[in-house]
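Have a look at run27.cif; it's mmCIF, C-alpha atoms and all ligand atoms:
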data_coords
#
loop_
_atom_site.group_PDB
_atom_site.id
_atom_site.type_symbol
_atom_site.label_atom_id
_atom_site.label_comp_id
_atom_site.auth_asym_id
_atom_site.auth_seq_id
_atom_site.Cartn_x
_atom_site.Cartn_y
_atom_site.Cartn_z
ATOM 1 C CA MET A 10 21.675 41.949 -66.113
ATOM 2 C CA GLN A 11 22.317 39.256 -63.548
ATOM 3 C CA ILE A 12 23.604 36.039 -65.107
ATOM 4 C CA TYR A 13 23.466 32.575 -63.576
ATOM 5 C CA ARG A 14 25.830 30.166 -65.292
ATOM 6 C CA GLU A 15 24.609 26.619 -64.740
ATOM 7 C CA LYS A 16 26.384 23.440 -65.767
ATOM 8 C CA ASP A 17 23.557 21.852 -67.723
ATOM 9 C CA TYR A 18 19.854 21.924 -68.590
ATOM 10 C CA ASP A 19 18.720 20.308 -65.369
ATOM 11 C CA ALA A 20 20.651 22.792 -63.246
ATOM 12 C CA LEU A 21 19.311 25.788 -65.185
ATOM 13 C CA SER A 22 15.772 24.420 -64.967
ATOM 14 C CA ARG A 23 16.079 24.053 -61.205
ATOM 15 C CA ARG A 24 17.511 27.559 -60.880
ATOM 16 C CA ALA A 25 14.757 29.101 -63.053
ATOM 17 C CA ALA A 26 12.058 27.216 -61.122
ATOM 18 C CA SER A 27 13.491 28.391 -57.794
ATOM 19 C CA ILE A 28 13.363 32.011 -58.973
ATOM 20 C CA ILE A 29 9.717 31.612 -60.083
ATOM 21 C CA ALA A 30 8.776 29.789 -56.863
ATOM 22 C CA GLY A 31 10.481 32.560 -54.883
ATOM 23 C CA GLU A 32 8.350 35.137 -56.701
ATOM 24 C CA ILE A 33 5.148 33.205 -55.898
ATOM 25 C CA ILE A 34 6.075 32.689 -52.240
ATOM 26 C CA HIS A 35 6.941 36.374 -51.892
ATOM 27 C CA ASN A 36 3.792 37.481 -53.738
ATOM 28 C CA PRO A 37 1.147 34.694 -53.844
ATOM 29 C CA ALA A 38 -1.162 36.738 -56.103
ATOM 30 C CA CYS A 39 1.554 37.581 -58.609
ATOM 31 C CA VAL A 40 1.070 37.830 -62.360
ATOM 32 C CA LEU A 41 3.375 35.479 -64.231
ATOM 33 C CA GLY A 42 4.150 35.968 -67.897
ATOM 34 C CA LEU A 43 4.704 32.449 -69.187
ATOM 35 C CA ALA A 44 6.577 30.992 -72.123
ATOM 36 C CA THR A 45 6.501 27.740 -74.051
ATOM 37 C CA GLY A 46 9.222 25.756 -75.794
ATOM 38 C CA SER A 47 11.962 23.401 -74.704
ATOM 39 C CA SER A 48 13.757 26.037 -72.631
ATOM 40 C CA PRO A 49 11.185 26.440 -69.815
ATOM 41 C CA GLU A 50 9.902 22.846 -69.887
ATOM 42 C CA GLY A 51 12.334 21.633 -67.216
ATOM 43 C CA ALA A 52 11.498 24.562 -64.932
ATOM 44 C CA TYR A 53 7.806 23.663 -65.183
ATOM 45 C CA ARG A 54 8.662 20.058 -64.176
ATOM 46 C CA TYR A 55 10.352 21.349 -61.019
ATOM 47 C CA LEU A 56 7.433 23.658 -60.222
ATOM 48 C CA VAL A 57 4.937 20.796 -60.582
ATOM 49 C CA ASP A 58 7.096 18.661 -58.293
ATOM 50 C CA TRP A 59 7.359 21.405 -55.687
ATOM 51 C CA TYR A 60 3.599 22.038 -55.877
ATOM 52 C CA LYS A 61 2.961 18.311 -55.235
ATOM 53 C CA LYS A 62 5.301 18.441 -52.255
ATOM 54 C CA GLY A 63 3.380 21.429 -50.872
ATOM 55 C CA PHE A 64 6.214 23.951 -51.248
ATOM 56 C CA VAL A 65 4.354 26.337 -53.569
ATOM 57 C CA SER A 66 0.736 27.063 -54.494
ATOM 58 C CA PHE A 67 -0.623 28.732 -57.633
ATOM 59 C CA LYS A 68 -4.132 29.281 -56.286
ATOM 60 C CA ASP A 69 -3.940 33.075 -56.420
ATOM 61 C CA VAL A 70 -1.478 33.339 -59.320
ATOM 62 C CA ARG A 71 -2.600 34.789 -62.641
ATOM 63 C CA SER A 72 -0.787 34.003 -65.852
ATOM 64 C CA VAL A 73 -0.588 35.456 -69.323
ATOM 65 C CA ASN A 74 1.237 33.599 -72.041
ATOM 66 C CA LEU A 75 3.455 35.142 -74.624
ATOM 67 C CA ASP A 76 2.175 33.635 -77.819
ATOM 68 C CA GLU A 77 0.126 31.130 -79.790
ATOM 69 C CA TYR A 78 0.113 29.797 -83.333
ATOM 70 C CA VAL A 79 -2.599 31.182 -85.601
ATOM 71 C CA GLY A 80 -4.957 28.414 -86.706
ATOM 72 C CA LEU A 81 -4.242 25.874 -83.963
ATOM 73 C CA ALA A 82 -7.108 24.905 -81.655
ATOM 74 C CA PRO A 83 -6.423 24.743 -77.908
ATOM 75 C CA ASP A 84 -6.573 20.936 -78.006
ATOM 76 C CA HIS A 85 -4.083 20.631 -80.893
ATOM 77 C CA ASP A 86 -1.046 18.907 -79.415
ATOM 78 C CA GLN A 87 1.302 21.579 -80.783
ATOM 79 C CA SER A 88 -0.740 24.556 -79.623
ATOM 80 C CA TYR A 89 0.784 26.570 -76.827
ATOM 81 C CA ARG A 90 -2.457 26.280 -74.801
ATOM 82 C CA TYR A 91 -2.038 22.496 -74.961
ATOM 83 C CA PHE A 92 1.632 22.841 -73.956
ATOM 84 C CA MET A 93 0.721 24.928 -70.913
ATOM 85 C CA GLN A 94 -2.059 22.561 -69.829
ATOM 86 C CA SER A 95 0.094 19.472 -70.156
ATOM 87 C CA ASN A 96 3.317 20.925 -68.729
ATOM 88 C CA LEU A 97 1.923 23.043 -65.906
ATOM 89 C CA PHE A 98 -1.730 24.050 -65.554
ATOM 90 C CA ASP A 99 -3.235 20.528 -65.356
ATOM 91 C CA HIS A 100 -0.844 19.582 -62.548
ATOM 92 C CA VAL A 101 -1.072 22.568 -60.190
ATOM 93 C CA ASP A 102 -3.858 24.474 -58.435
ATOM 94 C CA ILE A 103 -3.976 27.492 -60.765
ATOM 95 C CA LEU A 104 -7.584 28.435 -61.548
ATOM 96 C CA PRO A 105 -8.426 27.989 -65.244
ATOM 97 C CA GLU A 106 -9.993 31.461 -65.342
ATOM 98 C CA HIS A 107 -6.700 32.916 -64.084
ATOM 99 C CA THR A 108 -4.790 31.673 -67.142
ATOM 100 C CA ARG A 109 -4.615 33.377 -70.528
ATOM 101 C CA VAL A 110 -3.032 32.140 -73.740
ATOM 102 C CA PRO A 111 -3.701 34.041 -76.986
ATOM 103 C CA ASP A 112 -6.565 32.536 -78.986
ATOM 104 C CA GLY A 113 -5.131 31.084 -82.186
ATOM 105 C CA LEU A 114 -8.634 30.681 -83.636
ATOM 106 C CA THR A 115 -9.847 34.238 -83.113
ATOM 107 C CA ARG A 116 -11.899 35.547 -86.024
ATOM 108 C CA ASP A 117 -10.989 39.125 -85.221
ATOM 109 C CA PRO A 118 -7.248 39.276 -84.480
ATOM 110 C CA GLY A 119 -7.190 43.078 -84.258
ATOM 111 C CA ALA A 120 -9.839 43.188 -81.531
ATOM 112 C CA PHE A 121 -8.376 40.145 -79.802
ATOM 113 C CA CYS A 122 -4.879 41.669 -79.602
ATOM 114 C CA ALA A 123 -6.235 44.963 -78.239
ATOM 115 C CA GLU A 124 -8.204 43.054 -75.572
ATOM 116 C CA TYR A 125 -5.149 40.993 -74.634
ATOM 117 C CA ASP A 126 -3.140 44.168 -74.019
ATOM 118 C CA ALA A 127 -6.041 45.725 -72.113
ATOM 119 C CA TYR A 128 -6.191 42.617 -69.899
ATOM 120 C CA ILE A 129 -2.444 42.818 -69.168
ATOM 121 C CA ARG A 130 -2.824 46.512 -68.315
ATOM 122 C CA SER A 131 -5.806 45.716 -66.071
ATOM 123 C CA LEU A 132 -3.560 43.341 -64.083
ATOM 124 C CA GLY A 133 -1.030 46.130 -63.593
ATOM 125 C CA TYR A 134 1.346 44.369 -66.035
ATOM 126 C CA VAL A 135 3.341 41.235 -65.357
ATOM 127 C CA ASP A 136 5.362 40.752 -62.163
ATOM 128 C CA MET A 137 7.740 38.167 -63.592
ATOM 129 C CA GLN A 138 8.064 37.462 -67.306
ATOM 130 C CA LEU A 139 9.620 34.128 -68.232
ATOM 131 C CA LEU A 140 11.261 34.134 -71.660
ATOM 132 C CA GLY A 141 13.043 31.674 -73.895
ATOM 133 C CA ILE A 142 14.931 32.949 -76.890
ATOM 134 C CA GLY A 143 14.843 31.887 -80.528
ATOM 135 C CA ARG A 144 18.030 31.044 -82.395
ATOM 136 C CA ASN A 145 17.468 34.254 -84.340
ATOM 137 C CA GLY A 146 17.045 36.299 -81.153
ATOM 138 C CA HIS A 147 13.241 36.336 -81.119
ATOM 139 C CA ILE A 148 11.433 36.730 -77.808
ATOM 140 C CA GLY A 149 7.850 35.502 -77.683
ATOM 141 C CA PHE A 150 7.282 35.509 -81.421
ATOM 142 C CA ASN A 151 8.717 38.996 -81.918
ATOM 143 C CA GLU A 152 10.793 38.149 -84.960
ATOM 144 C CA PRO A 153 13.802 40.112 -86.264
ATOM 145 C CA ASP A 154 12.452 43.142 -88.110
ATOM 146 C CA ASP A 155 13.334 46.744 -88.875
ATOM 147 C CA HIS A 156 11.268 47.998 -85.949
ATOM 148 C CA PHE A 157 10.029 46.808 -82.567
ATOM 149 C CA VAL A 158 6.285 46.169 -82.249
ATOM 150 C CA LYS A 159 4.927 47.405 -78.948
ATOM 151 C CA GLU A 160 1.456 45.828 -78.893
ATOM 152 C CA THR A 161 0.191 42.245 -79.076
ATOM 153 C CA HIS A 162 0.051 41.512 -82.785
ATOM 154 C CA VAL A 163 -0.119 38.915 -85.538
ATOM 155 C CA VAL A 164 3.355 37.942 -86.772
ATOM 156 C CA ASP A 165 4.555 36.267 -89.950
ATOM 157 C CA LEU A 166 6.998 33.679 -88.671
ATOM 158 C CA ALA A 167 10.564 33.848 -89.952
ATOM 159 C CA GLU A 168 11.648 30.981 -92.206
ATOM 160 C CA SER A 169 14.343 30.131 -89.634
ATOM 161 C CA THR A 170 11.683 29.867 -86.901
ATOM 162 C CA ILE A 171 9.539 27.602 -89.084
ATOM 163 C CA ASP A 172 12.655 25.462 -89.662
ATOM 164 C CA ALA A 173 13.478 25.357 -85.939
ATOM 165 C CA ASN A 174 9.924 24.510 -84.878
ATOM 166 C CA SER A 175 9.324 21.939 -87.637
ATOM 167 C CA ARG A 176 10.898 19.382 -85.262
ATOM 168 C CA PHE A 177 7.569 19.308 -83.415
ATOM 169 C CA PHE A 178 5.361 18.756 -86.495
ATOM 170 C CA ALA A 179 4.979 15.832 -88.897
ATOM 171 C CA THR A 180 6.212 17.930 -91.830
ATOM 172 C CA ARG A 181 7.542 21.462 -92.277
ATOM 173 C CA ASP A 182 4.327 22.326 -94.175
ATOM 174 C CA ASP A 183 2.324 21.601 -91.030
ATOM 175 C CA VAL A 184 4.047 24.410 -89.102
ATOM 176 C CA PRO A 185 1.714 27.429 -88.910
ATOM 177 C CA LYS A 186 3.057 30.440 -90.784
ATOM 178 C CA GLN A 187 1.676 33.008 -88.379
ATOM 179 C CA ALA A 188 1.361 33.502 -84.645
ATOM 180 C CA ILE A 189 -0.129 35.965 -82.188
ATOM 181 C CA SER A 190 2.565 37.390 -79.950
ATOM 182 C CA MET A 191 2.649 39.693 -76.993
ATOM 183 C CA GLY A 192 4.556 42.788 -78.089
ATOM 184 C CA ILE A 193 7.721 44.339 -76.753
ATOM 185 C CA GLY A 194 5.657 46.833 -74.705
ATOM 186 C CA ALA A 195 4.147 44.196 -72.408
ATOM 187 C CA ILE A 196 7.441 42.308 -72.125
ATOM 188 C CA MET A 197 9.359 45.465 -71.206
ATOM 189 C CA GLY A 198 6.499 46.488 -68.892
ATOM 190 C CA ALA A 199 7.125 43.409 -66.721
ATOM 191 C CA LYS A 200 8.659 44.226 -63.359
ATOM 192 C CA LYS A 201 11.176 41.373 -63.689
ATOM 193 C CA VAL A 202 12.302 39.315 -66.663
ATOM 194 C CA LEU A 203 13.667 35.787 -66.355
ATOM 195 C CA LEU A 204 15.381 34.659 -69.557
ATOM 196 C CA VAL A 205 16.344 31.005 -69.901
ATOM 197 C CA ALA A 206 18.631 29.639 -72.600
ATOM 198 C CA SER A 207 20.154 26.257 -73.173
ATOM 199 C CA GLY A 208 22.516 24.825 -75.752
ATOM 200 C CA GLU A 209 25.136 25.916 -78.231
ATOM 201 C CA GLU A 210 22.525 26.876 -80.851
ATOM 202 C CA LYS A 211 21.414 29.737 -78.566
ATOM 203 C CA ALA A 212 24.946 31.080 -77.993
ATOM 204 C CA ASP A 213 24.775 33.739 -80.765
ATOM 205 C CA ALA A 214 21.319 34.961 -79.720
ATOM 206 C CA VAL A 215 22.433 35.152 -76.086
ATOM 207 C CA TYR A 216 25.621 37.004 -76.994
ATOM 208 C CA HIS A 217 23.793 39.593 -79.125
ATOM 209 C CA SER A 218 21.022 39.993 -76.540
ATOM 210 C CA VAL A 219 23.451 40.605 -73.696
ATOM 211 C CA CYS A 220 26.095 42.758 -75.331
ATOM 212 C CA GLY A 221 25.268 43.372 -78.993
ATOM 213 C CA SER A 222 23.756 46.539 -80.445
ATOM 214 C CA ILE A 223 20.194 47.187 -79.324
ATOM 215 C CA THR A 224 18.332 46.517 -82.528
ATOM 216 C CA PRO A 225 15.038 44.992 -83.714
ATOM 217 C CA LYS A 226 17.214 42.724 -85.865
ATOM 218 C CA CYS A 227 17.835 40.882 -82.586
ATOM 219 C CA PRO A 228 14.660 41.448 -80.529
ATOM 220 C CA GLY A 229 16.252 40.020 -77.359
ATOM 221 C CA SER A 230 18.717 42.920 -77.368
ATOM 222 C CA ILE A 231 15.947 45.251 -76.117
ATOM 223 C CA LEU A 232 16.319 43.515 -72.744
ATOM 224 C CA GLN A 233 19.515 45.519 -72.195
ATOM 225 C CA LEU A 234 17.171 48.469 -71.547
ATOM 226 C CA HIS A 235 15.199 46.620 -68.856
ATOM 227 C CA LYS A 236 16.412 47.275 -65.344
ATOM 228 C CA ASN A 237 15.658 43.858 -63.817
ATOM 229 C CA VAL A 238 16.650 40.951 -66.044
ATOM 230 C CA VAL A 239 17.998 37.642 -64.819
ATOM 231 C CA LEU A 240 19.526 35.311 -67.399
ATOM 232 C CA VAL A 241 19.767 31.647 -66.435
ATOM 233 C CA ALA A 242 21.769 29.672 -68.967
ATOM 234 C CA ASP A 243 23.988 26.654 -69.328
ATOM 235 C CA GLU A 244 27.642 26.849 -70.292
ATOM 236 C CA ALA A 245 26.913 26.055 -73.952
ATOM 237 C CA ALA A 246 24.443 28.934 -74.308
ATOM 238 C CA LEU A 247 26.947 31.271 -72.620
ATOM 239 C CA SER A 248 29.901 30.058 -74.687
ATOM 240 C CA LYS A 249 30.073 33.076 -77.062
ATOM 241 C CA LEU A 250 29.940 35.456 -74.111
ATOM 242 C CA THR A 251 32.687 33.674 -72.235
ATOM 243 C CA ALA A 252 34.806 33.375 -75.414
ATOM 244 C CA ALA A 253 34.501 37.169 -75.787
ATOM 245 C CA GLY A 254 35.785 37.599 -72.236
ATOM 246 C CA VAL A 255 32.485 38.734 -70.726
ATOM 247 C CA GLU A 256 32.431 37.831 -67.056
ATOM 248 C CA VAL A 257 29.491 35.532 -66.231
HETATM 249 C C1 LIG B 301 9.449 29.476 -79.874
HETATM 250 C C2 LIG B 301 8.563 30.387 -78.991
HETATM 251 C C3 LIG B 301 9.382 31.203 -78.054
HETATM 252 C C4 LIG B 301 10.513 30.357 -77.545
HETATM 253 C C5 LIG B 301 11.485 30.094 -78.661
HETATM 254 C C6 LIG B 301 12.579 29.127 -78.321
HETATM 255 O O1 LIG B 301 9.125 29.469 -81.202
HETATM 256 N N1 LIG B 301 7.659 31.233 -79.667
HETATM 257 O O2 LIG B 301 8.557 31.710 -77.015
HETATM 258 O O3 LIG B 301 11.205 31.030 -76.519
HETATM 259 O O4 LIG B 301 10.815 29.731 -79.841
HETATM 260 O O5 LIG B 301 12.097 27.837 -78.221
HETATM 261 P P1 LIG B 301 12.887 26.685 -77.539
HETATM 262 O O6 LIG B 301 12.952 27.015 -76.090
HETATM 263 O O7 LIG B 301 12.089 25.443 -77.804
HETATM 264 O O8 LIG B 301 14.236 26.645 -78.145
#

Can I see the file as structure tokens?
Amino acid sequence: MQIYREKDYDALSRRAASIIAGEIIHNPACVLGLATGSSPEGAYRYLVDWYKKGFVSFKDVRSVNLDEYVGLAPDHDQSYRYFMQSNLFDHVDILPEHTRVPDGLTRDPGAFCAEYDAYIRSLGYVDMQLLGIGRNGHIGFNEPDDHFVKETHVVDLAESTIDANSRFFATRDDVPKQAISMGIGAIMGAKKVLLVASGEEKADAVYHSVCGSITPKCPGSILQLHKNVVLVADEAALSKLTAAGVEV
């Protein structure tokens, strides 16, 4: 795993954006696996800026997103479709039909999840998968469990995830209890993985993902088995690794 240690959130966002822009410039018709949350938000701001300056174009890029809350409509301001539109898609030249975010309103989750995986396979899998990480080590919405789930699936969110994400909702009760998440199979099938992490509260998850036991109790730990992972993190998120003497 290659690790970039950046001094703060802005620096890590710029670094992550430059890696994504490099992928697009190298392969204009690439398939990007995209993530939501606070971690990639800054990278999207840089990408929008660079698009406006003419440095990068998304016109042939295809994207598949990691996850979506069950029960939220695309125009709900906390849905991940809304996040992607407002943070990236509405500001760049990506074609709407080239973007996919799981459908939180699907009436047939089983069929929907199978189709989502079939679509990812039809694209030849993802070229670069952007990931944040949950405080509990989740990637996408693959929560700590006693096994890894390979396929796109419906997940019961962990109480700790509901707590963490309640900051975005009026009350904790408003946080959806389930989500649709890409499985570990599609994430590990990506040719490259770009993991971004910021802040002290991610330090444990980062430590266990980089050098803990490989276990579904910390889903991010599976990334140790992927041969092309780049971690871009600030000093706070790397603090447990550096305290343990791991060279970053
Ligand atoms: C969310 C998302 C993940 C994200 C993680 C961390 O619940 N499902 O894709 O990586 O939790 O979020 P944040 O970057 O806001 O800390």

On this structure, which residues satisfy the PyMOL selection byres (((not hetatm)) within 6 of (chain B and resi 301)), written as a JSON list (two decimals) with C-alpha atoms, in the frame of the given file?
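The result, written out as expr_36.json:
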[["chain", "number", "residue", "atom", "x", "y", "z"],
["A", 44, "ALA", "CA", 6.58, 30.99, -72.12],
["A", 45, "THR", "CA", 6.50, 27.74, -74.05],
["A", 46, "GLY", "CA", 9.22, 25.76, -75.79],
["A", 47, "SER", "CA", 11.96, 23.40, -74.70],
["A", 48, "SER", "CA", 13.76, 26.04, -72.63],
["A", 140, "LEU", "CA", 11.26, 34.13, -71.66],
["A", 141, "GLY", "CA", 13.04, 31.67, -73.90],
["A", 142, "ILE", "CA", 14.93, 32.95, -76.89],
["A", 143, "GLY", "CA", 14.84, 31.89, -80.53],
["A", 148, "ILE", "CA", 11.43, 36.73, -77.81],
["A", 149, "GLY", "CA", 7.85, 35.50, -77.68],
["A", 150, "PHE", "CA", 7.28, 35.51, -81.42]]

Calculated over only C-alpha atoms, which of the candidates A:Lys200, A:Arg14, A:Arg23, A:His85 has the smallest distance to A:Glu244?
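Nearest to A:Glu244: A:Arg14.
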
Contact table stretch 170-232 of chain A vs stretch 29-33 of chain A, cut-off 12 Å, shortest pair per residue, all atoms listed in the file, as a Markdown table:
| residue | atom | partner | partner_atom | distance |
| --- | --- | --- | --- | --- |
| A:Lys200 | CA | A:Glu32 | CA | 11.3 |
| A:Lys201 | CA | A:Glu32 | CA | 9.8 |
| A:Val202 | CA | A:Ile29 | CA | 10.5 |
| A:Leu203 | CA | A:Ile29 | CA | 8.5 |
| A:Leu204 | CA | A:Ile29 | CA | 11.5 |
| A:Val205 | CA | A:Ile29 | CA | 11.9 |

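Picture a line from atom CA of A:Val79 to atom CA of A:Ser207; it runs 26.4 Å.
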
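Straight-line separation from atom CA of A:Lys211 to atom CA of A:Cys122: 28.9 Å.
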
Given the file shown, determine the residues that the PyMOL selection byres (((chain A and resi 99-113) around 10) and not hetatm) selects; report them as an NGL selection string.
:A and (40-44 or 53-54 or 56-61 or 65-83 or 88-91 or 93-98 or 114-116 or 118 or 121-122 or 125 or 128-129 or 161 or 163 or 187-191)

Find, counting only C-alpha atoms, the residue in A:Pro225, A:Ala173, A:His162, A:Ser27 that gets nearest to A:Glu124.
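Using only C-alpha atoms, the shortest distance to A:Glu124 belongs to A:His162.
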
Please, could all heavy atoms be added to stretch 64-74 of chain A and the result written as an mmCIF file, in the coordinates of the input?
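The new file rebuild_18.cif reads:
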data_model
loop_
_atom_site.group_PDB
_atom_site.id
_atom_site.type_symbol
_atom_site.label_atom_id
_atom_site.label_comp_id
_atom_site.auth_asym_id
_atom_site.auth_seq_id
_atom_site.Cartn_x
_atom_site.Cartn_y
_atom_site.Cartn_z
ATOM 1 N N PHE A 64 5.305 22.817 -51.460
ATOM 2 C CA PHE A 64 6.214 23.951 -51.248
ATOM 3 C C PHE A 64 5.677 25.249 -51.850
ATOM 4 O O PHE A 64 6.088 26.333 -51.462
ATOM 5 C CB PHE A 64 7.589 23.677 -51.869
ATOM 6 C CG PHE A 64 8.309 22.474 -51.308
ATOM 7 C CD1 PHE A 64 9.324 21.859 -52.029
ATOM 8 C CD2 PHE A 64 7.988 21.960 -50.056
ATOM 9 C CE1 PHE A 64 9.992 20.753 -51.512
ATOM 10 C CE2 PHE A 64 8.656 20.853 -49.537
ATOM 11 C CZ PHE A 64 9.652 20.247 -50.273
ATOM 12 N N VAL A 65 4.808 25.135 -52.855
ATOM 13 C CA VAL A 65 4.354 26.337 -53.569
ATOM 14 C C VAL A 65 2.921 26.109 -54.052
ATOM 15 O O VAL A 65 2.552 24.984 -54.393
ATOM 16 C CB VAL A 65 5.335 26.662 -54.738
ATOM 17 C CG1 VAL A 65 5.335 25.575 -55.794
ATOM 18 C CG2 VAL A 65 5.044 28.013 -55.378
ATOM 19 N N SER A 66 2.118 27.170 -54.011
ATOM 20 C CA SER A 66 0.736 27.063 -54.494
ATOM 21 C C SER A 66 0.478 28.156 -55.530
ATOM 22 O O SER A 66 0.950 29.283 -55.400
ATOM 23 C CB SER A 66 -0.237 27.237 -53.332
ATOM 24 O OG SER A 66 -1.531 27.474 -53.834
ATOM 25 N N PHE A 67 -0.292 27.795 -56.551
ATOM 26 C CA PHE A 67 -0.623 28.732 -57.633
ATOM 27 C C PHE A 67 -2.052 29.251 -57.501
ATOM 28 O O PHE A 67 -2.594 29.821 -58.432
ATOM 29 C CB PHE A 67 -0.473 28.025 -58.985
ATOM 30 C CG PHE A 67 0.942 27.662 -59.344
ATOM 31 C CD1 PHE A 67 1.578 26.582 -58.742
ATOM 32 C CD2 PHE A 67 1.638 28.393 -60.290
ATOM 33 C CE1 PHE A 67 2.887 26.240 -59.060
ATOM 34 C CE2 PHE A 67 2.945 28.068 -60.618
ATOM 35 C CZ PHE A 67 3.568 26.985 -60.001
ATOM 36 N N LYS A 68 -2.684 29.043 -56.330
ATOM 37 C CA LYS A 68 -4.132 29.281 -56.286
ATOM 38 C C LYS A 68 -4.521 30.741 -56.481
ATOM 39 O O LYS A 68 -5.610 31.023 -56.945
ATOM 40 C CB LYS A 68 -4.753 28.668 -55.034
ATOM 41 C CG LYS A 68 -4.694 29.460 -53.783
ATOM 42 C CD LYS A 68 -5.399 28.687 -52.670
ATOM 43 C CE LYS A 68 -5.053 29.229 -51.314
ATOM 44 N NZ LYS A 68 -5.098 30.689 -51.176
ATOM 45 N N ASP A 69 -3.624 31.666 -56.183
ATOM 46 C CA ASP A 69 -3.940 33.075 -56.420
ATOM 47 C C ASP A 69 -3.122 33.691 -57.555
ATOM 48 O O ASP A 69 -3.178 34.900 -57.792
ATOM 49 C CB ASP A 69 -3.707 33.876 -55.125
ATOM 50 C CG ASP A 69 -4.674 33.447 -54.031
ATOM 51 O OD1 ASP A 69 -5.855 33.213 -54.349
ATOM 52 O OD2 ASP A 69 -4.236 33.301 -52.870
ATOM 53 N N VAL A 70 -2.325 32.842 -58.219
ATOM 54 C CA VAL A 70 -1.478 33.339 -59.320
ATOM 55 C C VAL A 70 -2.336 33.564 -60.564
ATOM 56 O O VAL A 70 -3.277 32.814 -60.826
ATOM 57 C CB VAL A 70 -0.358 32.302 -59.630
ATOM 58 C CG1 VAL A 70 0.366 32.634 -60.928
ATOM 59 C CG2 VAL A 70 0.618 32.216 -58.460
ATOM 60 N N ARG A 71 -2.007 34.603 -61.313
ATOM 61 C CA ARG A 71 -2.600 34.789 -62.641
ATOM 62 C C ARG A 71 -1.488 34.654 -63.657
ATOM 63 O O ARG A 71 -0.342 35.020 -63.371
ATOM 64 C CB ARG A 71 -3.253 36.166 -62.756
ATOM 65 C CG ARG A 71 -4.551 36.230 -61.977
ATOM 66 C CD ARG A 71 -5.051 37.643 -61.799
ATOM 67 N NE ARG A 71 -5.980 37.679 -60.703
ATOM 68 C CZ ARG A 71 -7.303 37.489 -60.815
ATOM 69 N NH1 ARG A 71 -7.842 37.283 -61.985
ATOM 70 N NH2 ARG A 71 -8.070 37.514 -59.751
ATOM 71 N N SER A 72 -1.830 34.147 -64.833
ATOM 72 C CA SER A 72 -0.787 34.003 -65.852
ATOM 73 C C SER A 72 -1.272 34.519 -67.194
ATOM 74 O O SER A 72 -2.460 34.425 -67.520
ATOM 75 C CB SER A 72 -0.378 32.527 -65.985
ATOM 76 O OG SER A 72 -1.419 31.794 -66.585
ATOM 77 N N VAL A 73 -0.323 35.080 -67.924
ATOM 78 C CA VAL A 73 -0.588 35.456 -69.323
ATOM 79 C C VAL A 73 0.551 34.878 -70.156
ATOM 80 O O VAL A 73 1.720 35.043 -69.806
ATOM 81 C CB VAL A 73 -0.652 36.996 -69.544
ATOM 82 C CG1 VAL A 73 -1.987 37.549 -69.117
ATOM 83 C CG2 VAL A 73 0.466 37.730 -68.863
ATOM 84 N N ASN A 74 0.194 34.189 -71.209
ATOM 85 C CA ASN A 74 1.237 33.599 -72.041
ATOM 86 C C ASN A 74 1.657 34.528 -73.164
ATOM 87 O O ASN A 74 0.906 35.399 -73.594
ATOM 88 C CB ASN A 74 0.768 32.263 -72.608
ATOM 89 C CG ASN A 74 1.341 31.111 -71.840
ATOM 90 O OD1 ASN A 74 0.856 30.798 -70.745
ATOM 91 N ND2 ASN A 74 2.398 30.490 -72.353
#
